[in-house]
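To start, the structure under review is shown below, and the notes come after it.
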Amino acid sequence: MSDNLHHDEVTGVDTTGHDWDGIKELNNPLPRWWLWCFYITIVWGILYTIAYPAWPLVQGATAGVLGFSTRAEVAVDIAAVEAQNAEVSAQLASADLSTLAVTDPAHQYGVAGGAAVFRANCSQCHGSGAAGVQAAGYPNLLDDAWLWGGSLEAIEYTVRHGIRNEQDFDARWSEMPAYEEVFTAEEIAATAEYVLSLSGSDHDAAAAAVGMEIFAGECSSCHGDAGMGDPELGAPNLTDAIWLYGGSRDKIIETITYSRFGVMPAWGQRLSEAEIKAVTLYVHQLGGGE
Amino acid sequence: MSASEDQPLYAPHEPIFPRRVKGKFRTLKWWILAITLGIYYITPFLRWDRGPNLPDQAVLIDMAGRRFYFFWIEIWPHEFYFVAGLLIMAGLGLFLFTSALGRVWCGYTCPQTVWTDLFILVERWIEGDRNARVRLWKADWDARKIRLRVTKWIVWLLISIATGGAWVFYFADAPTLAVTLVTFEAPFIAYSTIGVLTATTFIFGGFMREQVCIYMCPWPRIQAAMMDDDTLTVAYRDWRGEPRGKDNLRRAKAAAATAENAETITAQAGPGAARYKATPYPNKPLNTPAPTPHLNADGIGDCIDCMACVNVCPMGIDIRDGQQMECITCALCIDACDEVMEKIGKDRGLIDYLALSDEGREREGKAPRPIWQHVFRLRTMVYTAIWSLVGIGLVWALFVRSDISLTVEPVRNPQFVTLSDGSVRNTYTLRIRNLTGEDREFRVLLDSDDILRIGVEESSGIPNHVIVPANETLSVRTYVTARPQDPASTRDRTDLSLWVEDVLTDERAGEDTVFNGKGS
């Protein structure tokens, strides 16, 4: 015993022979099966790096002999889901939205799928919650005010053809003139006072009386005699509490002076029929649909 | 360096052939084995009538439906804290039993122990007891050996398949699944689960056995933290047994032959005589007090070194070496030793459940303290108290929980919507859970000190009434509106609560939330 320098008397176990400030490590070897499991994991690891993408290179990484890629796998999964949805998707594509029952599977599929379409394509301007950007020209789709109408039919048309879109002949097209060179600043200010009065905001009654005449001559053709607007022309209702570009005196003067032009892509050129109908259903049920 | 190179790279495999043993602990273990395996195999087939639309299996984990059924209790995903609480109780229970009785879980109820016991039983029926098995192991592979081995493996395999098979029955309707399994119509996951569990049962119970406990299980390494000097563990009374020796058998018989003779020897020896040599056990605690004399008059310990305790040990250790990590305290060595002690006319308990604190007392010649004094101590009381608190909490939660519940999720993107008439509208998603087996109609109510109006989408014909199907959660969007003249429309935040009320029973569930106005 004592002639073996690497034997621990207390435990009766050999040590590894390593000595750190008098502390020695006992050598309790593991069973063969246990170590073989360990060796197998090493071999497995090496084989895995050969079979699958693993080693980073300067550009990209080794592809692996099995040709596996997560991107391809996702593509397969997506194709599988699309195949699964093909039938209901075709139903939605051919459906007349105004008569489609809420309980219809195609309707439910449309609302759920429309949410995804909206997040991918619409949320950049209208916001992920569809609240638009307040007073900055991106309409809030949750409220009950619609420039171009809030029925399913009207929304579908807007989505399909877009607004002021030169690539689509049928696009919605509003034309508010810029009055910078038509009226003097005083006249524009007076018109603004009248517009303020329409929605019951604070205003200068005397100036508004002057503005009323200008409004009747220039603005009422689109906005209506009472300023109620006209969804056929995309003319906003000026009597309500919603201002697409802001309802302050300065903002209204700015709008009259320089005009406003909202634009929206014609999604008919980019989305499938089912996607257009899905996003229409989704937008319609957000809380403002007519 | 040269010396370390001579050392083996692998621990040699030492096959273990536990001998049959009889005794009170073995009997207790047979009972526990029968009861635990019985519960495991039979439970999925117990029926429990829950009425229509609900499964009638007493214990069912319905993954697809996200429900856990346990007799009269039905757990929904939002009540997962029950499962968490049960796991905490299981953990604390393990702490409690470990601090009181050492590795009693390992020795009696751990599935590894129970199935290994069963497999060893099968092994003994087919191949014979220890000596026959040792001979068979050493024997060449002839027809008899092949026949015995194959028979044993087939029986093991059948047990393993039944083990894996019973597991999947907890996750689906057992009788239906049993039929589809046989007709090969069951889902792939059922077969793969059975396959994996069959393989692990077969390998762990048949071949790995003690290796699982020693090398794979973390529990032996943690348990020391819960044990102290008062923990009852299986131990060898070396102050009574040593010095051991085969020769003792003869002497013990002689001593027991005439009581008179024995008394004489005892009287002659007297206490205090230095008759013990310290025995060089490898694992003997360094702080062991010097051995003190015991009853053995002739200077010979009670241990006759018959190796019964070693031969019955399923872990292949010698308990006389003291407490070891390998020992699962299955107590079979106690049975084995007691049997021998009885035969040679000595007191039982040379190997016994013993607390470390009693060891010191016994070495000094004092009597051990009663068991209850070991068991009822601060540590076990604290574990029991925490365990009970969690348990009482769970039972309380179980009794007060309603069979309807409501969660209100305010839509915060955007926080509010201004409508064309200047009203301010907030949107809330109400999740109404109907935990009963019948459709229920609820009216949705709003409660606030301020003037607010409520409107529920997808109402059931009557405004603000919704029908929640049986055993389902219904999500409904609810609008709360403040008119321009209402203070809530211009205030920053207004408190309100939303309620659902069963139209038939008036049972209610509600949640407080906030209405966001335009702010000042």
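Identifiers for the structure tokens are assigned positionally: chains receive A, B, ... in sequence, residues are indexed from 1 per chain, and ligands are indexed from 1 in the order shown.
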Write down, as an mmCIF file with C-alpha atoms, in the first residue's frame, each residue of chain B that has any atom within 6 Å of an atom of chain A, counting only C-alpha atoms.
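Okay, this is what ended up in out10.cif:
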data_model
loop_
_atom_site.group_PDB
_atom_site.id
_atom_site.type_symbol
_atom_site.label_atom_id
_atom_site.label_comp_id
_atom_site.auth_asym_id
_atom_site.auth_seq_id
_atom_site.Cartn_x
_atom_site.Cartn_y
_atom_site.Cartn_z
ATOM 1 C CA SER B 4 -1.753 6.697 -12.937
ATOM 2 C CA LEU B 9 -10.070 3.373 -17.316
ATOM 3 C CA TYR B 10 -13.345 1.680 -16.584
ATOM 4 C CA ALA B 11 -14.940 0.567 -13.367
ATOM 5 C CA PRO B 282 -12.466 1.765 4.228
ATOM 6 C CA ASN B 413 -53.498 49.140 -29.246
ATOM 7 C CA LEU B 419 -65.954 58.061 -32.679
ATOM 8 C CA SER B 420 -67.482 60.556 -35.092
ATOM 9 C CA ASP B 421 -69.853 61.968 -32.458
ATOM 10 C CA GLY B 422 -66.903 62.609 -30.144
#
>> List the spatial neighbours of Glu156 in chain A as a count of residues only - criterion: any atom at most 7 Å away, only C-alpha atoms, same-chain residues fewer than 5 positions off excluded.
In response: 3
>> With DSSP run on the backbone, what are the alpha helix (DSSP H) residues within range 46-284 of chain A? I'd like them as a ChimeraX atom specification.
In response: /A:46-51,70-94,105-121,123-126,152-161,185-198,205-214,220-223,249-258,273-284
>> Just to confirm, what's the straight-line distance from CA of Leu152 in chain A to CA of Gly289 in chain A in Å (one decimal)?
In response: 7.4 Å
> Do you have the CA of Gly164 in chain B-CA of Ala34 in chain B distance handy?
Replying inline: 17.6 Å
